[in-house]
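**Q** Pasting coords_32.txt below, which is compact mmCIF, C-alpha atoms and all ligand atoms.
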# COMPACT_ATOMS: atom_id res chain seq x y z
CA MET Z 131 0.00 0.00 0.00
CA SER Z 132 1.43 3.40 -0.96
CA ARG Z 133 1.77 6.19 1.58
CA VAL Z 134 -0.64 9.11 1.70
CA ALA Z 135 0.23 12.72 2.54
CA TYR Z 136 -2.02 15.67 3.33
CA VAL Z 137 -1.02 18.78 1.38
CA ASN Z 138 -3.04 22.00 1.57
CA GLY Z 139 -6.49 20.50 1.66
CA ALA Z 140 -5.95 17.25 -0.27
CA TYR Z 141 -4.90 13.70 0.57
CA VAL Z 142 -2.45 12.67 -2.15
CA PRO Z 143 -0.07 9.77 -2.81
CA HIS Z 144 3.06 10.59 -0.80
CA ASP Z 145 5.36 10.28 -3.83
CA GLU Z 146 3.26 12.78 -5.78
CA ALA Z 147 2.92 15.34 -2.99
CA VAL Z 148 4.40 18.70 -4.01
CA VAL Z 149 4.55 22.31 -2.85
CA SER Z 150 5.24 25.47 -4.83
CA ILE Z 151 8.87 26.49 -5.41
CA ASP Z 152 7.79 29.93 -4.12
CA ASP Z 153 6.70 28.49 -0.77
CA ARG Z 154 8.50 30.50 1.92
CA GLY Z 155 9.19 27.25 3.75
CA TYR Z 156 11.23 26.11 0.75
CA GLN Z 157 12.81 29.51 0.06
CA PHE Z 158 13.64 30.68 3.59
CA ALA Z 159 12.81 27.85 6.04
CA ASP Z 160 10.04 30.30 7.06
CA ALA Z 161 8.13 27.38 8.56
CA VAL Z 162 7.45 25.58 11.83
CA TYR Z 163 6.86 21.92 12.52
CA GLU Z 164 5.89 19.27 15.04
CA GLY Z 165 6.59 15.57 15.31
CA VAL Z 166 4.18 13.39 17.25
CA THR Z 167 4.71 9.76 18.25
CA VAL Z 168 1.92 7.38 17.32
CA ARG Z 169 1.66 4.37 19.62
CA LYS Z 170 -0.94 1.69 18.93
CA GLY Z 171 -2.76 4.13 16.64
CA GLN Z 172 -2.98 6.91 19.27
CA MET Z 173 -1.10 10.20 19.20
CA VAL Z 174 1.05 10.65 22.31
CA ASP Z 175 0.74 14.06 24.04
CA LEU Z 176 -1.13 15.61 21.09
CA GLU Z 177 -2.47 18.65 22.97
CA PRO Z 178 0.96 19.83 24.26
CA HIS Z 179 2.28 19.41 20.70
CA LEU Z 180 -0.59 21.57 19.39
CA ASP Z 181 0.11 24.15 22.11
CA ARG Z 182 3.77 24.30 21.11
CA LEU Z 183 2.85 24.54 17.41
CA ALA Z 184 0.51 27.47 18.15
CA ARG Z 185 3.26 29.16 20.18
CA SER Z 186 5.86 28.72 17.40
CA MET Z 187 3.43 30.32 14.90
CA ARG Z 188 2.61 33.15 17.29
CA GLU Z 189 6.28 33.94 17.90
CA LEU Z 190 6.83 34.23 14.13
CA ALA Z 191 3.58 36.16 13.48
CA MET Z 192 2.41 33.30 11.27
CA ALA Z 193 -1.31 32.64 10.71
CA ALA Z 194 -2.77 29.22 11.50
CA PRO Z 195 -3.96 27.32 8.41
CA MET Z 196 -6.99 25.96 10.28
CA ASP Z 197 -8.48 25.57 13.76
CA ARG Z 198 -7.46 22.81 16.13
CA ALA Z 199 -10.49 20.57 15.66
CA PRO Z 200 -10.10 20.17 11.87
CA MET Z 201 -6.35 19.82 12.37
CA ARG Z 202 -6.86 16.92 14.79
CA PHE Z 203 -9.21 15.39 12.20
CA VAL Z 204 -6.57 15.66 9.44
CA PHE Z 205 -3.94 14.06 11.71
CA ARG Z 206 -6.22 11.12 12.53
CA GLU Z 207 -7.11 10.75 8.87
CA VAL Z 208 -3.43 10.66 7.79
CA ILE Z 209 -2.72 7.99 10.43
CA ARG Z 210 -5.79 6.01 9.32
CA ARG Z 211 -5.07 6.26 5.58
CA ASN Z 212 -1.48 5.12 6.14
CA ARG Z 213 -2.65 2.29 8.44
CA ILE Z 214 -0.12 3.29 11.06
CA SER Z 215 -0.10 1.56 14.42
CA ASP Z 216 3.33 2.70 15.65
CA GLY Z 217 4.78 5.69 13.84
CA PHE Z 218 5.81 9.31 13.61
CA LEU Z 219 3.37 11.99 12.50
CA TYR Z 220 5.02 15.03 10.91
CA ILE Z 221 3.24 18.37 10.68
CA GLN Z 222 4.72 21.38 8.90
CA ILE Z 223 3.24 24.84 8.48
CA SER Z 224 4.91 27.51 6.37
CA ARG Z 225 3.98 31.16 5.99
CA GLY Z 226 2.77 30.34 2.48
CA VAL Z 227 3.54 31.08 -1.14
CA ALA Z 228 4.70 34.55 -2.19
CA ARG Z 229 7.06 36.27 -4.63
CA ARG Z 230 10.53 36.01 -3.09
CA ASP Z 231 11.25 38.87 -0.70
CA HIS Z 232 12.79 38.52 2.76
CA ALA Z 233 10.18 40.68 4.52
CA PHE Z 234 6.73 39.22 5.17
CA PRO Z 235 4.29 39.57 2.23
CA THR Z 236 2.23 42.77 2.57
CA THR Z 237 -0.95 41.18 1.29
CA PRO Z 238 -2.41 38.24 3.28
CA ILE Z 239 -1.34 34.79 2.05
CA VAL Z 240 -2.61 31.34 2.94
CA PRO Z 241 -0.26 29.32 5.15
CA SER Z 242 0.73 25.89 3.81
CA LEU Z 243 0.00 22.78 5.86
CA ILE Z 244 1.54 19.41 5.14
CA VAL Z 245 1.04 16.30 7.25
CA THR Z 246 2.79 12.97 6.72
CA CYS Z 247 3.16 9.82 8.73
CA LYS Z 248 5.79 7.12 8.64
CA ARG Z 249 6.12 3.82 10.45
CA LEU Z 250 8.43 3.84 13.45
CA SER Z 251 9.08 0.78 15.55
CA ILE Z 252 8.52 1.96 19.11
CA ASP Z 253 9.46 -1.55 20.25
CA GLY Z 254 12.74 -1.01 18.37
CA VAL Z 255 13.25 2.31 20.19
CA ILE Z 256 12.64 0.58 23.56
CA ALA Z 257 15.01 -2.26 22.56
CA ARG Z 258 17.70 0.30 21.67
CA ALA Z 259 17.16 1.93 25.07
CA ALA Z 260 17.99 -1.38 26.74
CA LYS Z 261 21.50 -1.16 25.29
CA GLY Z 262 22.07 2.59 25.19
CA VAL Z 263 23.80 4.69 22.54
CA LYS Z 264 27.03 6.60 22.00
CA ALA Z 265 27.11 10.38 21.63
CA PHE Z 266 29.70 13.00 20.71
CA SER Z 267 29.87 16.64 21.78
CA GLU Z 268 29.67 19.36 19.14
CA SER Z 269 29.68 23.16 19.43
CA ASP Z 270 26.22 24.68 19.57
CA ILE Z 271 26.36 27.24 16.76
CA ARG Z 272 22.58 27.85 16.55
CA TRP Z 273 20.62 31.11 16.73
CA GLY Z 274 19.07 32.77 19.78
CA ARG Z 275 15.53 31.43 19.36
CA CYS Z 276 15.92 27.67 19.69
CA ASP Z 277 12.62 27.69 21.65
CA ILE Z 278 10.80 28.03 18.30
CA LYS Z 279 10.40 24.72 16.49
CA SER Z 280 11.44 26.03 13.09
CA THR Z 281 12.47 23.98 10.06
CA SER Z 282 15.66 26.06 9.91
CA LEU Z 283 17.83 23.15 11.08
CA LEU Z 284 21.19 23.40 9.30
CA PRO Z 285 23.32 23.63 12.49
CA ASN Z 286 21.41 20.66 13.94
CA ILE Z 287 21.93 18.64 10.75
CA LEU Z 288 25.66 19.41 10.65
CA ALA Z 289 26.10 18.45 14.32
CA LYS Z 290 24.18 15.21 13.87
CA GLN Z 291 26.18 14.32 10.77
CA ALA Z 292 29.49 15.02 12.55
CA ALA Z 293 28.44 12.78 15.47
CA LYS Z 294 27.26 10.07 13.08
CA GLU Z 295 30.56 10.08 11.20
CA LYS Z 296 32.33 9.42 14.51
CA GLY Z 297 30.03 6.47 15.15
CA GLY Z 298 27.60 8.29 17.46
CA PHE Z 299 23.82 8.22 17.56
CA GLU Z 300 23.39 11.83 18.69
CA ALA Z 301 25.35 15.08 19.05
CA VAL Z 302 25.47 16.69 22.49
CA LEU Z 303 25.47 20.43 21.81
CA VAL Z 304 27.73 22.51 24.04
CA ASP Z 305 27.70 26.32 24.33
CA SER Z 306 30.74 28.61 24.50
CA ASP Z 307 30.78 28.38 28.35
CA GLY Z 308 30.99 24.58 28.28
CA TYR Z 309 27.32 23.98 29.17
CA VAL Z 310 25.27 21.30 27.46
CA THR Z 311 22.27 22.91 25.76
CA GLU Z 312 20.47 19.95 24.16
CA GLY Z 313 20.96 17.35 21.45
CA SER Z 314 20.67 18.00 17.70
CA SER Z 315 17.06 16.74 17.86
CA THR Z 316 16.70 15.74 21.52
CA ASN Z 317 16.78 17.16 25.04
CA MET Z 318 19.62 16.15 27.37
CA TRP Z 319 19.56 14.79 30.92
CA MET Z 320 22.12 13.57 33.42
CA VAL Z 321 21.93 11.78 36.76
CA ARG Z 322 24.44 12.90 39.38
CA THR Z 323 26.24 10.30 41.50
CA ASP Z 324 23.84 11.17 44.37
CA GLY Z 325 20.89 10.09 42.17
CA THR Z 326 19.61 13.60 41.33
CA LEU Z 327 18.17 13.89 37.86
CA VAL Z 328 19.23 17.11 36.10
CA THR Z 329 17.93 18.80 32.97
CA ARG Z 330 18.31 22.33 31.72
CA SER Z 331 15.58 24.91 32.20
CA THR Z 332 13.40 25.61 29.17
CA ASP Z 333 13.84 29.38 29.61
CA ASP Z 334 17.36 28.84 28.36
CA ASN Z 335 16.72 28.90 24.67
CA ILE Z 336 16.39 25.22 24.04
CA LEU Z 337 13.38 23.53 22.51
CA PRO Z 338 10.86 22.87 25.31
CA GLY Z 339 10.53 19.16 24.58
CA ILE Z 340 7.16 17.53 25.07
CA THR Z 341 8.83 14.23 26.02
CA ARG Z 342 11.02 16.19 28.46
CA ALA Z 343 7.94 17.66 30.19
CA THR Z 344 6.27 14.25 30.45
CA LEU Z 345 9.43 12.56 31.78
CA LYS Z 346 9.86 15.34 34.35
CA LYS Z 347 6.29 14.77 35.57
CA LEU Z 348 6.82 10.98 35.67
CA ALA Z 349 10.11 11.38 37.58
CA GLU Z 350 8.43 13.64 40.14
CA GLU Z 351 5.58 11.12 40.54
CA MET Z 352 8.20 8.42 41.17
CA GLN Z 353 9.79 10.67 43.80
CA ILE Z 354 13.04 11.01 41.88
CA LYS Z 355 14.74 14.28 42.83
CA VAL Z 356 14.75 16.56 39.78
CA GLU Z 357 16.93 19.66 39.44
CA THR Z 358 16.18 22.06 36.59
CA LYS Z 359 19.63 23.46 36.01
CA ALA Z 360 22.21 23.64 33.24
CA PHE Z 361 25.13 21.18 33.51
CA THR Z 362 28.51 21.25 31.81
CA LEU Z 363 29.97 18.63 29.50
CA GLU Z 364 32.51 17.79 32.21
CA GLU Z 365 29.74 17.32 34.82
CA ALA Z 366 27.93 15.01 32.39
CA LYS Z 367 31.05 12.92 31.91
CA ALA Z 368 31.56 12.67 35.67
CA GLY Z 369 27.89 11.79 36.29
CA ALA Z 370 26.34 8.40 36.99
CA GLU Z 371 23.94 8.31 34.03
CA MET Z 372 22.95 10.30 30.99
CA PHE Z 373 20.06 10.06 28.56
CA LEU Z 374 18.33 11.91 25.76
CA SER Z 375 14.61 12.46 25.24
CA SER Z 376 12.48 13.11 22.17
CA SER Z 377 9.29 12.02 20.48
CA THR Z 378 11.21 9.59 18.28
CA GLY Z 379 13.72 8.53 20.93
CA CYS Z 380 11.47 8.39 24.05
CA ALA Z 381 14.15 8.17 26.79
CA THR Z 382 17.38 6.66 25.43
CA PRO Z 383 20.42 6.12 27.66
CA ILE Z 384 23.74 7.60 26.54
CA VAL Z 385 26.35 5.13 27.73
CA GLU Z 386 29.39 6.66 26.07
CA LEU Z 387 30.20 10.34 25.44
CA ASP Z 388 33.25 11.32 23.36
CA GLY Z 389 34.60 7.81 23.87
CA HIS Z 390 34.29 8.15 27.68
CA LYS Z 391 32.04 5.69 29.53
CA ILE Z 392 29.15 7.23 31.48
CA GLY Z 393 28.89 5.39 34.81
CA ASP Z 394 29.80 1.77 34.13
CA GLY Z 395 28.99 2.13 30.43
CA THR Z 396 25.55 0.50 30.65
CA PRO Z 397 22.08 2.06 31.17
CA GLY Z 398 21.72 3.09 34.81
CA PRO Z 399 18.84 2.40 37.25
CA VAL Z 400 17.21 5.87 37.18
CA THR Z 401 17.17 5.93 33.37
CA LYS Z 402 15.81 2.38 33.21
CA ARG Z 403 12.93 3.30 35.52
CA LEU Z 404 12.12 6.31 33.35
CA VAL Z 405 12.27 4.30 30.11
CA GLU Z 406 9.78 1.84 31.60
CA ALA Z 407 7.54 4.61 33.01
CA TYR Z 408 7.48 6.35 29.63
CA ARG Z 409 6.73 3.10 27.79
CA ALA Z 410 3.74 2.53 30.09
CA TYR Z 411 2.67 6.20 29.73
CA MET Z 412 2.57 5.91 25.91
CA GLU Z 413 0.14 3.02 26.17
CA ALA Z 414 -2.04 4.43 28.95
N1 LIG Z 501 12.95 16.66 17.50
N2 LIG Z 501 15.37 19.49 20.93
C1 LIG Z 501 15.37 19.60 19.58
C2 LIG Z 501 16.33 20.52 18.94
C3 LIG Z 501 14.45 18.84 18.83
O1 LIG Z 501 14.43 18.95 17.50
C4 LIG Z 501 13.56 17.95 19.49
C5 LIG Z 501 12.55 17.14 18.74
C6 LIG Z 501 13.62 17.86 20.90
C7 LIG Z 501 12.70 16.97 21.67
O2 LIG Z 501 11.38 17.48 21.65
P1 LIG Z 501 10.11 16.50 21.77
O3 LIG Z 501 10.27 15.75 23.02
O4 LIG Z 501 8.95 17.46 21.83
O5 LIG Z 501 10.10 15.62 20.55
C8 LIG Z 501 14.53 18.66 21.57
C9 LIG Z 501 12.01 15.96 16.66
C10 LIG Z 501 11.74 14.58 17.14
C11 LIG Z 501 12.48 16.04 15.23
O6 LIG Z 501 13.12 17.03 14.89
O7 LIG Z 501 12.19 15.14 14.45
Write the structure described by the file as structure tokens, please.
**A**
Amino acid sequence: MSRVAYVNGAYVPHDEAVVSIDDRGYQFADAVYEGVTVRKGQMVDLEPHLDRLARSMRELAMAAPMDRAPMRFVFREVIRRNRISDGFLYIQISRGVARRDHAFPTTPIVPSLIVTCKRLSIDGVIARAAKGVKAFSESDIRWGRCDIKSTSLLPNILAKQAAKEKGGFEAVLVDSDGYVTEGSSTNMWMVRTDGTLVTRSTDDNILPGITRATLKKLAEEMQIKVETKAFTLEEAKAGAEMFLSSSTGCATPIVELDGHKIGDGTPGPVTKRLVEAYRAYMEA
């Protein structure tokens, strides 16, 4: 069965889905996006994703292509038409099509909405979490508004590629003061040797991850001590555990950073509890 995409009002075969070459998303990355995990046919944390999407659009003075109710309907329809049980729903909204000019168009234009869905083995993600992954640090060379989920991702792509070429699964982005900001497409966490879970504050110009917020809530419910504070690369390396979080990665232990073992080089107890809690949460 061929894949189906939603593009500006129509459900079309994925391979035939096209947008205008004058779309500002294509020309300028003048676009925002969301990625939602689908587990057993259900969207995980859909409302927080829609809240973040609305915020990204607001911050860029971008109009919404439609209200939330029809948007939810389109998402469900894309999942249904692609017969996805476990997968990743991708939503992208651009400012729309206009004659190329850096400034916003002066006459109102219609924002573009595309929605796609691909299969993603969540069981595979959980299996990978049982082993953990390697990561490599890279300089964070991004702009000052990383809180907006924009499709302008070149620094993220370059960091991820550099980490991949070294044999890593993810890049750990580090600012000029030596602090870990986040991953190229994930949020970063560490566990100190006293068992305290640490993650950076979302006021600090990182993407406020939806998985991060859910894991923080789950950790608090499990009475794990959580500190919302930036940590350095050196602190991470000296810590007991480290993991990343994202919609596609859930919670994934980082067992090696820059060739240095984190803890004993295997997923630690706090991370394992959180992986299990998040797995159960996705199915609740
Ligand atoms: N990435 N930080 C960055 C820079 C991200 O791109 C993402 C998500 C996250 C985690 O956010 P969330 O938990 O809401 O997925 C953090 C998605 C998965 C992507 O780009 O495909």
**Q** Could you tell me which of Z:Ile340, Z:Ile151, Z:Ala159, Z:Leu288 comes closest to Asn317 of chain Z if we count only C-alpha atoms?
**A**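 Closest to Asn317 of chain Z of all the choices is Z:Ile340.
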**Q** Could you give me the residues within 7 Å of ligand LIG 501 (chain Z), counting all atoms listed in the file, as an MDAnalysis selection string?
**A** chainID Z and resid 165 312:317 336:342 375:378
**Q** Can you write just those residues out, C-alpha atoms, as a PDB file, in the coordinates of the input?
**A**
ATOM      1  CA  GLY Z 165       6.590  15.570  15.310  1.00  0.00           C
ATOM      2  CA  GLU Z 312      20.470  19.950  24.160  1.00  0.00           C
ATOM      3  CA  GLY Z 313      20.960  17.350  21.450  1.00  0.00           C
ATOM      4  CA  SER Z 314      20.670  18.000  17.700  1.00  0.00           C
ATOM      5  CA  SER Z 315      17.060  16.740  17.860  1.00  0.00           C
ATOM      6  CA  THR Z 316      16.700  15.740  21.520  1.00  0.00           C
ATOM      7  CA  ASN Z 317      16.780  17.160  25.040  1.00  0.00           C
ATOM      8  CA  ILE Z 336      16.390  25.220  24.040  1.00  0.00           C
ATOM      9  CA  LEU Z 337      13.380  23.530  22.510  1.00  0.00           C
ATOM     10  CA  PRO Z 338      10.860  22.870  25.310  1.00  0.00           C
ATOM     11  CA  GLY Z 339      10.530  19.160  24.580  1.00  0.00           C
ATOM     12  CA  ILE Z 340       7.160  17.530  25.070  1.00  0.00           C
ATOM     13  CA  THR Z 341       8.830  14.230  26.020  1.00  0.00           C
ATOM     14  CA  ARG Z 342      11.020  16.190  28.460  1.00  0.00           C
ATOM     15  CA  SER Z 375      14.610  12.460  25.240  1.00  0.00           C
ATOM     16  CA  SER Z 376      12.480  13.110  22.170  1.00  0.00           C
ATOM     17  CA  SER Z 377       9.290  12.020  20.480  1.00  0.00           C
ATOM     18  CA  THR Z 378      11.210   9.590  18.280  1.00  0.00           C
TER      19      THR Z 378
END
**Q** Considering only C-alpha atoms, state which residue in the set Z:Val321, Z:Met187, Z:Met412, Z:Val263 is at the smallest distance from Gly297 of chain Z.
**A** Z:Val263
**Q** Residues proximal to (6.0, -0.2, 21.4) were defined as those with any atom within 12 Å of that point in the file's coordinates, counting all atoms listed in the file. Which are they, as a ChimeraX atom specification?
**A** /Z:167-172,174,215-217,249-259,378-380,405-406,408-414
**Q** Using all atoms listed in the file, which residues sit within 10 Å of Ile239 of chain Z once same-chain residues fewer than 3 positions away are excluded, as a list in words?
**A**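 Selected residues are Ala193, Arg225, Gly226, Val227, Ala228, Phe234, Pro235, Thr236 and Ser242 of chain Z.
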**Q** Smallest atom-to-atom distance to Gly393 of chain Z: which of Z:Ser280, Z:Met320, Z:Leu348, Z:Arg213, using all atoms listed in the file?
**A** Z:Met320
**Q** Compare Z:Asp277, Z:Asp334, Z:Asp181, Z:Asp152 by their minimum atom-to-atom distance to Asp305 of chain Z, counting all atoms listed in the file, and give me the closest one.
**A**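 Nearest to Asp305 of chain Z: Z:Asp334.
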**Q** Which residues come within 9 Å of Arg211 of chain Z, counting only C-alpha atoms, excluding same-chain residues fewer than 6 positions away, as a VMD selection string?
**A** chain Z and resid 133 to 135 141
**Q** Do you have the atom CA of Tyr220 of chain Z-atom CA of Cys247 of chain Z distance handy?
**A**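 We find that atom CA of Tyr220 of chain Z and atom CA of Cys247 of chain Z lie 5.9 Å from each other.
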**Q** Which distance in Å separates atom CA of Asn335 of chain Z and atom CA of Val245 of chain Z, to one decimal?
**A**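 Those two atoms sit 26.6 Å apart.
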**Q** Missing atoms in segment 190-201 of chain Z: can you complete it with all heavy atoms, as a PDB file, in the frame of the given file?
**A**
ATOM      1  N   LEU Z 190       6.359  33.823  15.470  1.00  0.00           N
ATOM      2  CA  LEU Z 190       6.830  34.230  14.130  1.00  0.00           C
ATOM      3  C   LEU Z 190       5.747  35.011  13.374  1.00  0.00           C
ATOM      4  O   LEU Z 190       5.873  35.233  12.167  1.00  0.00           O
ATOM      5  CB  LEU Z 190       7.221  32.976  13.326  1.00  0.00           C
ATOM      6  CG  LEU Z 190       8.394  32.175  13.905  1.00  0.00           C
ATOM      7  CD1 LEU Z 190       8.640  30.905  13.103  1.00  0.00           C
ATOM      8  CD2 LEU Z 190       9.673  33.006  13.942  1.00  0.00           C
ATOM      9  N   ALA Z 191       4.686  35.413  14.085  1.00  0.00           N
ATOM     10  CA  ALA Z 191       3.580  36.160  13.480  1.00  0.00           C
ATOM     11  C   ALA Z 191       3.043  35.440  12.233  1.00  0.00           C
ATOM     12  O   ALA Z 191       2.814  36.038  11.185  1.00  0.00           O
ATOM     13  CB  ALA Z 191       4.006  37.583  13.136  1.00  0.00           C
ATOM     14  N   MET Z 192       2.879  34.133  12.372  1.00  0.00           N
ATOM     15  CA  MET Z 192       2.410  33.300  11.270  1.00  0.00           C
ATOM     16  C   MET Z 192       0.944  32.915  11.542  1.00  0.00           C
ATOM     17  O   MET Z 192       0.625  32.577  12.685  1.00  0.00           O
ATOM     18  CB  MET Z 192       3.276  32.037  11.244  1.00  0.00           C
ATOM     19  CG  MET Z 192       3.395  31.378   9.914  1.00  0.00           C
ATOM     20  SD  MET Z 192       4.454  29.899  10.086  1.00  0.00           S
ATOM     21  CE  MET Z 192       6.046  30.576   9.754  1.00  0.00           C
ATOM     22  N   ALA Z 193       0.104  32.984  10.508  1.00  0.00           N
ATOM     23  CA  ALA Z 193      -1.310  32.640  10.710  1.00  0.00           C
ATOM     24  C   ALA Z 193      -1.488  31.126  10.730  1.00  0.00           C
ATOM     25  O   ALA Z 193      -0.737  30.405  10.082  1.00  0.00           O
ATOM     26  CB  ALA Z 193      -2.142  33.245   9.593  1.00  0.00           C
ATOM     27  N   ALA Z 194      -2.487  30.654  11.483  1.00  0.00           N
ATOM     28  CA  ALA Z 194      -2.770  29.220  11.500  1.00  0.00           C
ATOM     29  C   ALA Z 194      -3.554  28.843  10.248  1.00  0.00           C
ATOM     30  O   ALA Z 194      -4.440  29.581   9.831  1.00  0.00           O
ATOM     31  CB  ALA Z 194      -3.580  28.859  12.741  1.00  0.00           C
ATOM     32  N   PRO Z 195      -3.234  27.710   9.627  1.00  0.00           N
ATOM     33  CA  PRO Z 195      -3.960  27.320   8.410  1.00  0.00           C
ATOM     34  C   PRO Z 195      -5.393  26.875   8.683  1.00  0.00           C
ATOM     35  O   PRO Z 195      -6.251  26.945   7.814  1.00  0.00           O
ATOM     36  CB  PRO Z 195      -3.130  26.165   7.851  1.00  0.00           C
ATOM     37  CG  PRO Z 195      -2.363  25.632   9.007  1.00  0.00           C
ATOM     38  CD  PRO Z 195      -2.165  26.761   9.965  1.00  0.00           C
ATOM     39  N   MET Z 196      -5.635  26.383   9.900  1.00  0.00           N
ATOM     40  CA  MET Z 196      -6.990  25.960  10.280  1.00  0.00           C
ATOM     41  C   MET Z 196      -7.078  25.865  11.800  1.00  0.00           C
ATOM     42  O   MET Z 196      -6.058  25.925  12.483  1.00  0.00           O
ATOM     43  CB  MET Z 196      -7.364  24.616   9.633  1.00  0.00           C
ATOM     44  CG  MET Z 196      -6.451  23.469  10.021  1.00  0.00           C
ATOM     45  SD  MET Z 196      -7.017  21.858   9.419  1.00  0.00           S
ATOM     46  CE  MET Z 196      -6.691  21.946   7.684  1.00  0.00           C
ATOM     47  N   ASP Z 197      -8.299  25.707  12.316  1.00  0.00           N
ATOM     48  CA  ASP Z 197      -8.480  25.570  13.760  1.00  0.00           C
ATOM     49  C   ASP Z 197      -7.995  24.205  14.230  1.00  0.00           C
ATOM     50  O   ASP Z 197      -7.734  23.317  13.422  1.00  0.00           O
ATOM     51  CB  ASP Z 197      -9.965  25.726  14.130  1.00  0.00           C
ATOM     52  CG  ASP Z 197     -10.418  27.166  13.929  1.00  0.00           C
ATOM     53  OD1 ASP Z 197      -9.561  28.064  13.908  1.00  0.00           O
ATOM     54  OD2 ASP Z 197     -11.644  27.362  13.768  1.00  0.00           O
ATOM     55  N   ARG Z 198      -7.965  24.056  15.560  1.00  0.00           N
ATOM     56  CA  ARG Z 198      -7.460  22.810  16.130  1.00  0.00           C
ATOM     57  C   ARG Z 198      -8.310  21.580  15.813  1.00  0.00           C
ATOM     58  O   ARG Z 198      -7.772  20.516  15.528  1.00  0.00           O
ATOM     59  CB  ARG Z 198      -7.390  22.923  17.651  1.00  0.00           C
ATOM     60  CG  ARG Z 198      -6.068  23.453  18.108  1.00  0.00           C
ATOM     61  CD  ARG Z 198      -5.939  23.219  19.583  1.00  0.00           C
ATOM     62  NE  ARG Z 198      -4.803  23.955  20.070  1.00  0.00           N
ATOM     63  CZ  ARG Z 198      -4.090  23.621  21.132  1.00  0.00           C
ATOM     64  NH1 ARG Z 198      -4.429  22.579  21.860  1.00  0.00           N
ATOM     65  NH2 ARG Z 198      -3.065  24.335  21.499  1.00  0.00           N
ATOM     66  N   ALA Z 199      -9.633  21.748  15.850  1.00  0.00           N
ATOM     67  CA  ALA Z 199     -10.490  20.570  15.660  1.00  0.00           C
ATOM     68  C   ALA Z 199     -10.286  19.952  14.271  1.00  0.00           C
ATOM     69  O   ALA Z 199     -10.029  18.748  14.160  1.00  0.00           O
ATOM     70  CB  ALA Z 199     -11.946  20.917  15.932  1.00  0.00           C
ATOM     71  N   PRO Z 200     -10.374  20.765  13.187  1.00  0.00           N
ATOM     72  CA  PRO Z 200     -10.100  20.170  11.870  1.00  0.00           C
ATOM     73  C   PRO Z 200      -8.663  19.648  11.738  1.00  0.00           C
ATOM     74  O   PRO Z 200      -8.420  18.662  11.038  1.00  0.00           O
ATOM     75  CB  PRO Z 200     -10.373  21.295  10.876  1.00  0.00           C
ATOM     76  CG  PRO Z 200     -10.522  22.531  11.661  1.00  0.00           C
ATOM     77  CD  PRO Z 200     -10.874  22.152  13.059  1.00  0.00           C
ATOM     78  N   MET Z 201      -7.737  20.295  12.450  1.00  0.00           N
ATOM     79  CA  MET Z 201      -6.350  19.820  12.370  1.00  0.00           C
ATOM     80  C   MET Z 201      -6.231  18.426  12.982  1.00  0.00           C
ATOM     81  O   MET Z 201      -5.614  17.536  12.410  1.00  0.00           O
ATOM     82  CB  MET Z 201      -5.424  20.813  13.079  1.00  0.00           C
ATOM     83  CG  MET Z 201      -4.134  20.949  12.319  1.00  0.00           C
ATOM     84  SD  MET Z 201      -2.890  22.021  12.960  1.00  0.00           S
ATOM     85  CE  MET Z 201      -3.434  23.598  13.036  1.00  0.00           C
TER      86      MET Z 201
END
